[in-house]
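Shown next: start_21.txt, given as compact mmCIF, C-alpha atoms.
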```txt
# COMPACT_ATOMS: atom_id res chain seq x y z
CA MET I 2 -176.40 -116.59 -199.04
CA LEU I 3 -176.46 -119.87 -197.25
CA ASN I 4 -175.28 -122.80 -199.17
CA VAL I 5 -175.69 -126.01 -197.32
CA SER I 6 -174.27 -128.10 -200.06
CA ASN I 7 -170.93 -126.41 -199.55
CA VAL I 8 -170.96 -127.36 -195.93
CA LEU I 9 -171.97 -130.91 -196.61
CA ASN I 10 -169.54 -131.36 -199.41
CA SER I 11 -170.61 -131.23 -202.97
CA GLY I 12 -171.51 -133.80 -205.52
CA LEU I 13 -175.05 -133.89 -204.25
CA ILE I 14 -178.16 -133.52 -206.31
CA ALA I 15 -179.48 -130.42 -204.70
CA GLU I 16 -178.48 -127.29 -202.91
CA LEU I 17 -180.31 -125.27 -200.40
CA GLU I 18 -180.76 -121.81 -201.74
CA VAL I 19 -181.71 -118.75 -199.90
CA GLY I 20 -182.59 -115.41 -201.43
CA GLN I 21 -183.67 -116.59 -204.82
CA HIS I 22 -186.71 -114.80 -206.06
CA PHE I 23 -188.78 -114.86 -209.14
CA TYR I 24 -188.82 -111.15 -209.81
CA TRP I 25 -191.56 -109.37 -211.66
CA HIS I 26 -191.05 -105.78 -212.65
CA LEU I 27 -193.94 -103.48 -212.09
CA GLY I 28 -192.97 -99.94 -212.90
CA ASN I 29 -190.03 -99.16 -210.65
CA PHE I 30 -190.85 -101.98 -208.27
CA LYS I 31 -189.37 -105.39 -208.23
CA ILE I 32 -191.94 -107.72 -206.79
CA HIS I 33 -191.63 -111.32 -205.71
CA GLY I 34 -193.73 -113.18 -208.23
CA GLN I 35 -193.68 -116.51 -206.44
CA VAL I 36 -195.26 -114.92 -203.37
CA PHE I 37 -197.97 -113.37 -205.49
CA MET I 38 -198.75 -116.65 -207.20
CA ALA I 39 -198.92 -118.50 -203.92
CA SER I 40 -201.09 -115.74 -202.43
CA TRP I 41 -203.46 -115.94 -205.35
CA ILE I 42 -203.78 -119.66 -204.86
CA VAL I 43 -204.50 -119.16 -201.16
CA ILE I 44 -207.05 -116.45 -201.95
CA ALA I 45 -208.65 -118.64 -204.59
CA ALA I 46 -208.85 -121.53 -202.13
CA LEU I 47 -210.55 -119.31 -199.55
CA LEU I 48 -212.94 -117.89 -202.13
CA ILE I 49 -213.87 -121.31 -203.43
CA ALA I 50 -214.42 -122.56 -199.88
CA SER I 51 -216.64 -119.57 -199.12
CA ILE I 52 -218.63 -120.00 -202.32
CA LEU I 53 -219.04 -123.72 -201.73
CA ALA I 54 -220.15 -123.08 -198.19
CA THR I 55 -222.72 -120.43 -199.08
CA ARG I 56 -223.93 -121.72 -202.42
CA ASN I 57 -226.68 -123.88 -201.05
CA VAL I 58 -227.40 -122.73 -197.54
CA GLN I 59 -229.34 -125.25 -195.52
CA ARG I 60 -231.22 -124.79 -192.34
CA VAL I 61 -229.36 -127.65 -190.70
CA PRO I 62 -225.81 -127.13 -191.96
CA SER I 63 -223.92 -130.04 -193.40
CA GLY I 64 -220.62 -130.58 -195.14
CA MET I 65 -218.82 -127.43 -196.22
CA GLN I 66 -221.40 -125.07 -194.78
CA ASN I 67 -221.11 -126.76 -191.42
CA PHE I 68 -217.33 -126.56 -191.51
CA MET I 69 -217.22 -122.90 -192.50
CA GLU I 70 -219.84 -122.01 -189.92
CA TYR I 71 -217.70 -123.74 -187.35
CA ALA I 72 -214.69 -121.71 -188.49
CA LEU I 73 -216.72 -118.51 -188.33
CA GLU I 74 -217.95 -119.36 -184.86
CA PHE I 75 -214.38 -119.99 -183.77
CA LEU I 76 -213.22 -116.64 -185.16
CA ARG I 77 -216.16 -114.82 -183.66
CA ASP I 78 -215.41 -116.24 -180.25
CA LEU I 79 -211.74 -115.35 -180.62
CA THR I 80 -212.58 -111.76 -181.54
CA ARG I 81 -215.16 -111.47 -178.81
CA THR I 82 -212.81 -112.61 -176.09
CA GLN I 83 -210.19 -110.07 -177.20
CA ILE I 84 -212.31 -107.03 -178.06
CA GLY I 85 -215.33 -107.50 -175.85
CA GLU I 86 -219.00 -108.08 -176.37
CA LYS I 87 -219.80 -104.47 -177.18
CA GLU I 88 -217.53 -103.72 -180.10
CA TYR I 89 -216.33 -107.05 -181.47
CA ARG I 90 -218.80 -107.50 -184.30
CA ALA I 91 -217.32 -104.93 -186.66
CA TRP I 92 -213.87 -106.50 -186.27
CA VAL I 93 -214.75 -110.12 -186.96
CA PRO I 94 -214.15 -109.74 -190.72
CA PHE I 95 -210.71 -108.20 -190.27
CA VAL I 96 -209.48 -110.62 -187.63
CA GLY I 97 -211.11 -113.52 -189.44
CA THR I 98 -209.44 -112.60 -192.70
CA LEU I 99 -206.06 -112.36 -191.00
CA PHE I 100 -206.48 -115.76 -189.39
CA LEU I 101 -207.82 -117.53 -192.45
CA PHE I 102 -205.25 -116.07 -194.82
CA ILE I 103 -202.33 -116.83 -192.54
CA PHE I 104 -203.64 -120.26 -191.62
CA VAL I 105 -204.32 -121.34 -195.19
CA SER I 106 -201.00 -119.84 -196.30
CA ASN I 107 -199.10 -121.71 -193.63
CA TRP I 108 -200.81 -125.02 -194.12
CA GLY I 109 -200.74 -124.64 -197.87
CA GLY I 110 -197.02 -124.01 -197.65
CA ALA I 111 -196.59 -127.10 -195.51
CA LEU I 112 -198.91 -129.46 -197.35
CA ILE I 113 -198.98 -128.55 -201.03
CA PRO I 114 -196.06 -130.01 -202.97
CA TRP I 115 -195.04 -126.65 -204.38
CA LYS I 116 -191.71 -127.96 -205.51
CA LEU I 117 -193.36 -129.89 -208.27
CA VAL I 118 -193.53 -126.58 -210.09
CA GLU I 119 -190.28 -125.15 -211.23
CA LEU I 120 -190.00 -121.42 -211.59
CA PRO I 121 -187.31 -119.69 -213.64
CA SER I 122 -185.97 -118.53 -210.32
CA GLY I 123 -186.91 -118.99 -206.69
CA GLU I 124 -189.44 -121.37 -205.27
CA LEU I 125 -193.12 -121.42 -204.59
CA ALA I 126 -193.84 -121.63 -200.87
CA ALA I 127 -196.13 -120.27 -198.23
CA PRO I 128 -196.74 -116.54 -198.82
CA THR I 129 -196.07 -115.98 -195.14
CA ASN I 130 -192.45 -117.03 -195.45
CA ASP I 131 -191.75 -113.77 -197.23
CA ILE I 132 -191.20 -110.81 -194.92
CA ASN I 133 -193.14 -108.51 -197.25
CA THR I 134 -196.34 -110.44 -196.70
CA THR I 135 -196.05 -110.50 -192.94
CA VAL I 136 -195.04 -106.83 -192.79
CA ALA I 137 -198.06 -105.97 -194.90
CA LEU I 138 -200.32 -107.90 -192.56
CA ALA I 139 -198.71 -106.34 -189.49
CA LEU I 140 -198.99 -102.81 -190.89
CA LEU I 141 -202.63 -103.43 -191.70
CA THR I 142 -203.05 -104.42 -188.10
CA SER I 143 -201.35 -101.19 -186.99
CA VAL I 144 -203.62 -99.13 -189.21
CA ALA I 145 -206.62 -101.05 -187.91
CA TYR I 146 -205.86 -100.45 -184.26
CA PHE I 147 -205.05 -96.79 -184.81
CA TYR I 148 -208.32 -96.45 -186.68
CA ALA I 149 -210.15 -98.26 -183.90
CA GLY I 150 -208.67 -96.01 -181.22
CA LEU I 151 -209.10 -92.76 -183.13
CA SER I 152 -212.64 -93.50 -184.29
CA ARG I 153 -213.62 -94.41 -180.75
CA LYS I 154 -211.94 -91.63 -178.80
CA GLY I 155 -210.85 -89.05 -181.38
CA LEU I 156 -207.53 -87.40 -180.58
CA GLY I 157 -208.15 -88.31 -176.97
CA TYR I 158 -206.69 -91.66 -177.99
CA PHE I 159 -203.23 -90.15 -177.79
CA ALA I 160 -204.02 -88.66 -174.40
CA ASP I 161 -204.34 -92.23 -173.19
CA TYR I 162 -200.64 -92.67 -173.86
CA ALA I 163 -200.08 -90.78 -170.61
CA GLN I 164 -202.16 -93.28 -168.66
CA PRO I 165 -201.65 -94.24 -165.94
CA THR I 166 -198.54 -92.03 -165.63
CA PRO I 167 -196.86 -89.69 -168.13
CA ILE I 168 -193.73 -91.80 -167.79
CA MET I 169 -195.46 -94.32 -170.03
CA VAL I 170 -195.56 -91.99 -173.04
CA PRO I 171 -192.21 -92.98 -174.59
CA PHE I 172 -192.90 -96.64 -173.99
CA LYS I 173 -196.30 -96.39 -175.59
CA ILE I 174 -194.77 -94.66 -178.58
CA ILE I 175 -192.10 -97.33 -178.88
CA GLU I 176 -194.81 -99.92 -178.57
CA ASP I 177 -196.51 -98.55 -181.68
CA PHE I 178 -193.36 -99.48 -183.59
CA THR I 179 -192.60 -102.73 -181.86
CA LYS I 180 -196.08 -104.13 -182.29
CA PRO I 181 -195.96 -104.47 -186.09
CA LEU I 182 -192.31 -105.39 -185.89
CA SER I 183 -192.87 -108.26 -183.51
CA LEU I 184 -196.01 -109.39 -185.33
CA SER I 185 -194.33 -109.57 -188.70
CA PHE I 186 -191.07 -111.09 -187.51
CA ARG I 187 -192.70 -113.69 -185.33
CA LEU I 188 -194.84 -115.02 -188.13
CA PHE I 189 -192.17 -114.75 -190.77
CA GLY I 190 -189.50 -116.30 -188.58
CA ASN I 191 -191.60 -119.22 -187.47
CA ILE I 192 -192.79 -120.16 -190.92
CA LEU I 193 -189.43 -119.67 -192.54
CA ALA I 194 -187.63 -121.58 -189.82
CA ASP I 195 -190.05 -124.43 -190.14
CA GLU I 196 -189.65 -124.63 -193.88
CA LEU I 197 -185.91 -124.31 -193.54
CA VAL I 198 -185.67 -127.12 -191.02
CA VAL I 199 -187.86 -129.39 -193.12
CA ALA I 200 -185.89 -128.52 -196.24
CA VAL I 201 -182.58 -129.24 -194.54
CA LEU I 202 -183.84 -132.53 -193.17
CA VAL I 203 -185.26 -133.52 -196.54
CA PHE I 204 -181.93 -132.66 -197.99
CA LEU I 205 -180.10 -134.84 -195.48
CA VAL I 206 -182.52 -137.74 -195.07
CA PRO I 207 -185.18 -137.58 -197.74
CA LEU I 208 -187.56 -140.20 -196.38
CA ILE I 209 -189.59 -140.64 -193.16
CA VAL I 210 -187.28 -138.64 -190.89
CA PRO I 211 -188.71 -135.19 -191.78
CA ILE I 212 -192.25 -136.35 -191.10
CA PRO I 213 -192.33 -135.58 -187.34
CA LEU I 214 -190.95 -132.16 -188.06
CA MET I 215 -193.48 -131.59 -190.79
CA ILE I 216 -196.25 -132.47 -188.38
CA LEU I 217 -194.70 -130.19 -185.79
CA GLY I 218 -194.59 -127.56 -188.53
CA LEU I 219 -198.31 -127.94 -189.13
CA PHE I 220 -198.86 -127.42 -185.43
CA THR I 221 -196.62 -124.35 -185.32
CA SER I 222 -198.27 -122.92 -188.40
CA ALA I 223 -201.71 -123.19 -186.91
CA ILE I 224 -200.48 -121.69 -183.64
CA GLN I 225 -198.83 -118.82 -185.48
CA ALA I 226 -202.03 -117.99 -187.33
CA LEU I 227 -203.90 -118.09 -184.06
CA ILE I 228 -201.30 -115.89 -182.35
CA PHE I 229 -201.31 -113.31 -185.11
CA ALA I 230 -205.10 -113.05 -185.17
CA THR I 231 -205.37 -113.02 -181.38
CA LEU I 232 -202.72 -110.32 -180.99
CA ALA I 233 -204.27 -108.20 -183.74
CA ALA I 234 -207.66 -108.43 -182.02
CA SER I 235 -206.04 -107.76 -178.68
CA TYR I 236 -204.31 -104.60 -179.98
CA ILE I 237 -207.59 -103.38 -181.46
CA GLY I 238 -209.42 -104.12 -178.22
CA GLU I 239 -206.70 -102.36 -176.24
CA ALA I 240 -206.93 -99.29 -178.46
CA MET I 241 -210.68 -99.04 -177.88
CA GLU I 242 -210.46 -99.67 -174.15
CA ASP I 243 -211.42 -96.88 -171.78
CA HIS I 244 -208.46 -95.94 -169.61
CA HIS I 245 -209.58 -92.77 -167.94
CA GLY I 246 -212.43 -92.89 -165.51
CA GLY I 247 -213.04 -96.57 -165.01
CA GLU I 248 -216.65 -96.09 -163.94
CA HIS I 249 -218.12 -96.54 -167.38
CA GLU I 250 -217.28 -99.68 -169.32
CA MET G 148 -190.17 -98.61 -190.64
CA ASN G 149 -188.34 -99.00 -193.85
CA VAL G 150 -189.89 -101.93 -195.54
CA GLU G 151 -187.77 -101.52 -198.59
CA LEU G 152 -184.63 -101.86 -196.54
CA MET G 153 -186.02 -104.84 -194.73
CA THR G 154 -187.01 -106.38 -197.96
CA HIS G 155 -183.49 -106.23 -199.18
CA PHE G 156 -182.17 -107.52 -195.93
CA TRP G 157 -184.63 -110.29 -195.31
CA SER G 158 -185.73 -111.27 -198.71
CA GLY G 159 -182.53 -113.18 -198.72
CA THR G 160 -184.24 -115.86 -196.75
CA GLY G 161 -186.80 -117.04 -199.26
CA ILE G 162 -185.76 -120.64 -199.30
CA GLY G 163 -185.77 -123.16 -201.98
CA LEU G 164 -184.46 -126.57 -202.64
CA THR G 165 -183.43 -125.92 -206.14
CA PRO G 166 -182.00 -128.72 -208.20
CA LEU G 167 -178.57 -127.92 -209.44
CA LEU G 168 -179.03 -129.40 -212.82
CA ALA G 169 -182.52 -128.22 -213.44
CA HIS G 170 -181.71 -124.54 -213.30
CA GLY G 171 -183.94 -123.85 -216.21
CA ASP G 172 -185.02 -120.52 -217.51
CA GLY G 173 -188.72 -121.14 -217.63
CA PHE G 174 -191.51 -122.90 -215.85
CA GLY G 175 -191.31 -126.62 -215.56
CA LEU G 176 -192.30 -129.67 -213.68
CA ASN G 177 -189.94 -131.31 -211.25
CA THR G 178 -190.62 -135.01 -211.26
CA ASN G 179 -187.98 -136.02 -208.80
CA ILE G 180 -189.93 -137.47 -205.88
CA LEU G 181 -187.09 -137.13 -203.39
CA GLU G 182 -186.38 -133.54 -204.25
CA THR G 183 -189.99 -132.49 -204.19
CA ASN G 184 -190.49 -134.16 -200.83
CA LEU G 185 -193.56 -135.79 -202.35
CA PHE G 186 -193.18 -139.02 -200.41
CA ASN G 187 -193.22 -137.35 -197.01
CA LEU G 188 -195.96 -134.95 -198.05
CA VAL G 189 -198.19 -137.81 -199.11
CA ILE G 190 -197.62 -139.52 -195.77
CA VAL G 191 -198.28 -136.33 -193.81
CA ILE G 192 -201.39 -135.54 -195.82
CA GLY G 193 -202.53 -139.13 -195.40
CA LEU G 194 -202.02 -138.97 -191.65
CA LEU G 195 -203.79 -135.63 -191.54
CA VAL G 196 -206.74 -136.92 -193.51
CA TYR G 197 -206.88 -140.14 -191.51
CA PHE G 198 -206.86 -138.52 -188.09
CA GLY G 199 -208.37 -135.20 -189.10
CA ARG G 200 -211.36 -136.77 -190.76
CA GLY G 201 -212.35 -138.64 -187.65
CA PHE G 202 -211.78 -135.70 -185.36
CA LEU G 203 -213.35 -133.10 -187.62
CA GLY G 204 -216.14 -135.44 -188.58
CA LYS G 205 -217.04 -136.01 -184.97
CA LEU G 206 -216.77 -132.31 -184.20
CA LEU G 207 -218.92 -131.25 -187.13
CA GLY G 208 -221.35 -134.11 -186.58
CA THR G 209 -221.87 -133.02 -183.00
CA ARG G 210 -222.33 -129.45 -184.12
CA ARG G 211 -224.81 -130.50 -186.75
CA GLU G 212 -226.73 -132.61 -184.29
CA ASN G 213 -226.77 -129.82 -181.76
CA ILE G 214 -228.14 -127.42 -184.34
CA ALA G 215 -230.69 -129.93 -185.55
CA ALA G 216 -231.73 -130.63 -181.97
CA ALA G 217 -232.01 -126.92 -181.24
CA ILE G 218 -234.11 -126.39 -184.34
CA ARG G 219 -236.27 -129.39 -183.55
CA GLU G 220 -236.76 -128.19 -180.01
CA ALA G 221 -237.65 -124.71 -181.23
CA GLU G 222 -240.08 -126.19 -183.73
CA GLU G 223 -241.64 -128.32 -181.05
CA ARG G 224 -242.03 -125.32 -178.84
CA GLN G 225 -243.53 -123.46 -181.76
CA GLY G 226 -245.97 -126.30 -182.35
CA ILE G 227 -246.96 -126.35 -178.71
CA ALA G 228 -247.37 -122.62 -178.69
CA LYS G 229 -249.46 -122.78 -181.85
CA LYS G 230 -251.66 -125.47 -180.34
CA ALA G 231 -252.07 -123.48 -177.15
CA LEU G 232 -252.90 -120.40 -179.20
CA ALA G 233 -255.55 -122.27 -181.17
CA GLU G 234 -256.96 -123.70 -177.96
CA GLN G 235 -257.12 -120.33 -176.32
CA GLN G 236 -258.65 -118.85 -179.44
CA THR G 237 -261.43 -121.41 -179.44
CA LYS G 238 -261.89 -120.75 -175.75
CA LEU G 239 -262.08 -117.07 -176.50
CA ALA G 240 -264.63 -117.68 -179.23
CA GLN G 241 -266.64 -119.83 -176.85
CA ALA G 242 -266.46 -117.20 -174.17
CA GLN G 243 -267.56 -114.55 -176.63
CA GLN G 244 -270.45 -116.72 -177.70
CA GLU G 245 -271.36 -117.28 -174.08
CA ALA G 246 -271.17 -113.59 -173.40
CA GLU G 247 -273.36 -112.88 -176.41
CA ARG G 248 -275.88 -115.47 -175.22
CA ILE G 249 -275.92 -114.05 -171.71
CA ARG G 250 -276.39 -110.59 -173.09
CA ALA G 251 -279.24 -111.70 -175.32
CA ASN G 252 -280.83 -113.47 -172.35
CA ALA G 253 -280.47 -110.41 -170.23
CA VAL G 254 -282.03 -108.23 -172.91
CA GLN G 255 -284.86 -110.69 -173.22
CA ALA G 256 -285.37 -110.83 -169.47
CA ALA G 257 -285.28 -107.08 -169.24
CA GLU G 258 -287.81 -106.85 -172.02
CA LYS G 259 -290.06 -109.30 -170.20
CA VAL G 260 -289.72 -107.53 -166.87
CA LYS G 261 -290.44 -104.23 -168.55
CA ALA G 262 -293.59 -105.60 -170.14
CA GLU G 263 -294.64 -107.09 -166.81
CA ILE G 264 -294.07 -103.87 -164.97
CA LEU G 265 -295.93 -101.91 -167.62
CA ALA G 266 -298.88 -104.31 -167.49
CA LYS G 267 -298.92 -104.24 -163.69
CA SER G 268 -298.83 -100.48 -163.51
CA GLU G 269 -301.55 -100.29 -166.15
CA GLN G 270 -303.59 -102.66 -164.01
CA ASP G 271 -302.87 -100.62 -160.90
CA VAL G 272 -303.93 -97.44 -162.62
CA GLN G 273 -307.08 -99.14 -163.78
CA ARG G 274 -307.82 -100.46 -160.32
CA MET G 275 -307.17 -97.11 -158.69
CA ARG G 276 -309.37 -95.40 -161.19
CA GLU G 277 -312.17 -97.90 -160.47
CA ASP G 278 -311.70 -97.50 -156.74
CA ALA G 279 -311.90 -93.76 -157.07
CA SER G 280 -315.03 -93.83 -159.13
CA ARG G 281 -316.58 -96.32 -156.72
CA ASP G 282 -315.70 -94.11 -153.77
CA LEU G 283 -317.17 -91.15 -155.57
CA ALA G 284 -320.44 -92.93 -156.25
CA ALA G 285 -320.71 -94.13 -152.64
CA GLU G 286 -320.03 -90.66 -151.29
CA GLN G 287 -322.57 -89.21 -153.65
CA GLU G 288 -325.14 -91.74 -152.50
CA ARG G 289 -324.35 -91.08 -148.89
CA VAL G 290 -324.61 -87.32 -149.35
CA VAL G 291 -327.89 -87.65 -151.22
CA ALA G 292 -329.31 -89.85 -148.48
CA GLN G 293 -328.15 -87.43 -145.83
CA LEU G 294 -329.68 -84.50 -147.68
CA ARG G 295 -332.90 -86.38 -148.07
CA GLN G 296 -332.93 -87.30 -144.41
CA ARG G 297 -332.31 -83.73 -143.44
CA ALA G 298 -335.01 -82.45 -145.81
CA VAL G 299 -337.43 -85.00 -144.32
CA ALA G 300 -336.46 -84.02 -140.79
CA GLN G 301 -336.92 -80.35 -141.62
CA ALA G 302 -340.23 -81.00 -143.23
CA ILE G 303 -341.31 -83.01 -140.22
CA THR G 304 -340.18 -80.25 -137.89
CA GLN G 305 -342.03 -77.63 -139.90
CA VAL G 306 -345.09 -79.78 -140.05
CA GLU G 307 -344.95 -80.42 -136.31
CA SER G 308 -344.56 -76.73 -135.59
CA ARG G 309 -347.49 -75.97 -137.82
CA LEU G 310 -349.50 -78.74 -136.33
CA SER G 311 -348.95 -77.49 -132.84
CA GLY G 312 -350.41 -74.12 -134.09
CA GLY G 313 -354.01 -75.20 -133.43
CA LEU G 314 -355.41 -77.91 -135.51
CA ASN G 315 -358.49 -79.87 -134.84
CA GLU G 316 -358.78 -83.55 -134.81
CA ASP G 317 -360.10 -83.76 -138.34
CA GLN G 318 -357.64 -81.46 -139.81
CA GLN G 319 -354.92 -83.25 -137.96
CA ARG G 320 -356.00 -86.54 -139.16
CA GLN G 321 -356.45 -85.26 -142.68
CA SER G 322 -353.05 -83.75 -142.74
CA VAL G 323 -351.49 -86.86 -141.17
CA ASP G 324 -353.21 -88.90 -143.80
CA ARG G 325 -352.08 -86.59 -146.48
CA GLY G 326 -348.57 -86.60 -145.11
CA LEU G 327 -348.60 -90.33 -144.75
CA ALA G 328 -349.88 -90.62 -148.26
CA LEU G 329 -347.19 -88.29 -149.43
CA VAL G 330 -344.37 -89.94 -147.57
CA GLY G 331 -345.60 -93.35 -148.35
CA GLY G 332 -346.00 -92.46 -152.00
CA ASP G 333 -342.65 -90.90 -152.02
CA GLN G 334 -341.03 -93.82 -150.24
CA LYS G 335 -343.09 -96.42 -151.87
```
As structure tokens, the full file:
Amino acid sequence: MLNVSNVLNSGLIAELEVGQHFYWHLGNFKIHGQVFMASWIVIAALLIASILATRNVQRVPSGMQNFMEYALEFLRDLTRTQIGEKEYRAWVPFVGTLFLFIFVSNWGGALIPWKLVELPSGELAAPTNDINTTVALALLTSVAYFYAGLSRKGLGYFADYAQPTPIMVPFKIIEDFTKPLSLSFRLFGNILADELVVAVLVFLVPLIVPIPLMILGLFTSAIQALIFATLAASYIGEAMEDHHGGEHE
Amino acid sequence: MNVELMTHFWSGTGIGLTPLLAHGDGFGLNTNILETNLFNLVIVIGLLVYFGRGFLGKLLGTRRENIAAAIREAEERQGIAKKALAEQQTKLAQAQQEAERIRANAVQAAEKVKAEILAKSEQDVQRMREDASRDLAAEQERVVAQLRQRAVAQAITQVESRLSGGLNEDQQRQSVDRGLALVGGDQK
């Protein structure tokens, strides 16, 4: 529990709270309701954007359709550069979903005045500033790249762990754990740190001063979404890569 | 990876700027502009819209124009191709017509030549037949004349031989007269 107000002496109007959650009880699980609500809003925003973009499809795209087509083109290029011309098509939806969800979450967290809404406990914020969200995304990525490798090479996928030398086997196995770990912590840490810094600055100097940091935060958020999607695509591409016998490819 | 454990450990970081006094039990609306960071957010969103609109507008406009140009170009090419196709089709039709005409001409010419040849051969046959019959008649005439000549010569020979067998002047004369009368009457 970090309590900035204690550090900065009390008598202030607000305190910086960490670890407050709006718990929902679902069977034996305690789930973070504020994350769910924010996620739903992000999902709704994406759905509405998709529907608006595809509702009245024109031959020469304009407005929303043009924008979404641009986004799709961007994601397709990203996936293609990571996975390769031959296999990338099937993975565009997955990588695209990761990018769009993370990007809209991050920017939503940074731009929407969530604090207007008071919850009984906790705060609405970007869904990606909760470790559960990022771990879920990272584990999905793990599942995806295992699936990609296994469906491409069968159990021979694990034989590739010994490439180029058997010494690599333990490292490759460790890598399978560190990949989701690093993915989830990187995203979570960046977004949380950004929100924390902005919150602290707002707490100290409420006006004007946080603005550069907020803009920096927008930049970081976009970069983080890009990094997550790129790495996920890269892992998938790596899993499908041919290691033995370099003649085909 | 124990997510549950991590959840407990890290969930502690969900951050909030919670008003001390407004620790309500239910949902509510925080109207404090400083606490909600509304002022800065409005500025940031304004900046984003101001700069983003220009940038994104230019980007999307270029994209739109590129697509429109590509479509226009493709349509133009399609039009040209269609025109060329129509042109070639008319040319093909013309060529077919020409071919048909040439064929008809050829058939006609062949028909004419055939008729000519037939007529000519008919004529030839006719001519040859005439020639043959003429030849036959001439030969016949010749043979008849020859036969007659020979018969005359024989008769003369016989008569001479008989004459030399003792005839007197009168008899000779009579017989010559008779013969002359006979030959002359025969020859007329």
Excluding range 208-225 of chain G and any residue of its chain fewer than 2 positions from it, enumerate the residues within 8 Å of it, using all atoms listed in the file, and give them as a tab-separated table (two decimals) with C-alpha atoms, in the frame of the given file.
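Dumped to around36.tsv:
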```tsv
chain	number	residue	atom	x	y	z
I	61	VAL	CA	-229.36	-127.65	-190.70
I	62	PRO	CA	-225.81	-127.13	-191.96
I	63	SER	CA	-223.92	-130.04	-193.40
I	67	ASN	CA	-221.11	-126.76	-191.42
G	204	GLY	CA	-216.14	-135.44	-188.58
G	205	LYS	CA	-217.04	-136.01	-184.97
G	206	LEU	CA	-216.77	-132.31	-184.20
G	227	ILE	CA	-246.96	-126.35	-178.71
G	228	ALA	CA	-247.37	-122.62	-178.69
G	229	LYS	CA	-249.46	-122.78	-181.85
```
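Nearest residue to Leu125 in chain I among I:Pro181, I:Gly157, I:Pro211, I:Gly34 is I:Gly34, counting only C-alpha atoms.
Counting only C-alpha atoms and comparing G:Val196, G:Ala262, G:Ala284, G:Leu207, the residue that lies closest to chain I is G:Leu207.
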Interface, chain I side, toward chain G (9 Å; only C-alpha atoms) as a PyMOL selection string: chain I and resi 2-3+13-22+60-64+67-68+71+111-126+130-133+136+178+182+193+196-197+200-201+203-204+207-213+215-216
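Between CA of Ala149 in chain I and CA of Tyr236 in chain I the interatomic distance comes to 9.5 Å.
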Residues within 10 Å of Val170 in chain I, all atoms listed in the file, excluding chain neighbours under 6 positions, as a PyMOL selection string: chain I and resi 159-164+176
Gap from CA of Asn57 in chain I to CA of Phe100 in chain I - Å, one decimal: 24.7 Å
Proximity to Ala39 in chain I - best of I:Leu99, I:Val199, I:Val206, I:Val105, only C-alpha atoms: I:Val105
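Nearest residue to Glu307 in chain G, choosing from G:Ala233, G:Ala279, G:Arg274, G:Val323 and counting all atoms listed in the file: G:Val323.
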With 6 Å of padding per side, what axis-aligned box (centre and edge lengths, Å, one decimal) covers all the listed atoms of range 222-234 of chain G? Give it as AutoDock Vina command-line options.
```
--center_x -248.5 --center_y -124.4 --center_z -180.4 --size_x 28.9 --size_y 19.9 --size_z 18.6
```
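CA of Ser143 in chain I is positioned 16.4 Å from CA of Ala91 in chain I.
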Spatial neighbours of Asn191 in chain I, 12 Å, only C-alpha atoms, chain gap at least 3 places, as a tab-separated table (two decimals) with C-alpha atoms, keeping the file's coordinate frame:
```tsv
chain	number	residue	atom	x	y	z
I	107	ASN	CA	-199.10	-121.71	-193.63
I	127	ALA	CA	-196.13	-120.27	-198.23
I	129	THR	CA	-196.07	-115.98	-195.14
I	130	ASN	CA	-192.45	-117.03	-195.45
I	131	ASP	CA	-191.75	-113.77	-197.23
I	132	ILE	CA	-191.20	-110.81	-194.92
I	135	THR	CA	-196.05	-110.50	-192.94
I	183	SER	CA	-192.87	-108.26	-183.51
I	184	LEU	CA	-196.01	-109.39	-185.33
I	185	SER	CA	-194.33	-109.57	-188.70
I	186	PHE	CA	-191.07	-111.09	-187.51
I	187	ARG	CA	-192.70	-113.69	-185.33
I	188	LEU	CA	-194.84	-115.02	-188.13
I	194	ALA	CA	-187.63	-121.58	-189.82
I	195	ASP	CA	-190.05	-124.43	-190.14
I	196	GLU	CA	-189.65	-124.63	-193.88
I	197	LEU	CA	-185.91	-124.31	-193.54
I	198	VAL	CA	-185.67	-127.12	-191.02
I	217	LEU	CA	-194.70	-130.19	-185.79
I	218	GLY	CA	-194.59	-127.56	-188.53
I	219	LEU	CA	-198.31	-127.94	-189.13
I	220	PHE	CA	-198.86	-127.42	-185.43
I	221	THR	CA	-196.62	-124.35	-185.32
I	222	SER	CA	-198.27	-122.92	-188.40
I	223	ALA	CA	-201.71	-123.19	-186.91
I	224	ILE	CA	-200.48	-121.69	-183.64
I	225	GLN	CA	-198.83	-118.82	-185.48
I	226	ALA	CA	-202.03	-117.99	-187.33
I	228	ILE	CA	-201.30	-115.89	-182.35
I	229	PHE	CA	-201.31	-113.31	-185.11
```
For Phe147 in chain I, the nearest of the candidates I:Met241, I:Val58, I:Met65, I:Leu79, counting only C-alpha atoms: I:Met241
Just want the 8 Å neighbourhood of Ala233 in chain I, counted on only C-alpha atoms, with same-chain residues fewer than 3 positions away dropped. Output as a tab-separated table (two decimals) with C-alpha atoms, in the frame of the given file.
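Result went into result.tsv, see below:
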```tsv
chain	number	residue	atom	x	y	z
I	96	VAL	CA	-209.48	-110.62	-187.63
I	142	THR	CA	-203.05	-104.42	-188.10
I	146	TYR	CA	-205.86	-100.45	-184.26
I	229	PHE	CA	-201.31	-113.31	-185.11
I	230	ALA	CA	-205.10	-113.05	-185.17
I	236	TYR	CA	-204.31	-104.60	-179.98
I	237	ILE	CA	-207.59	-103.38	-181.46
```
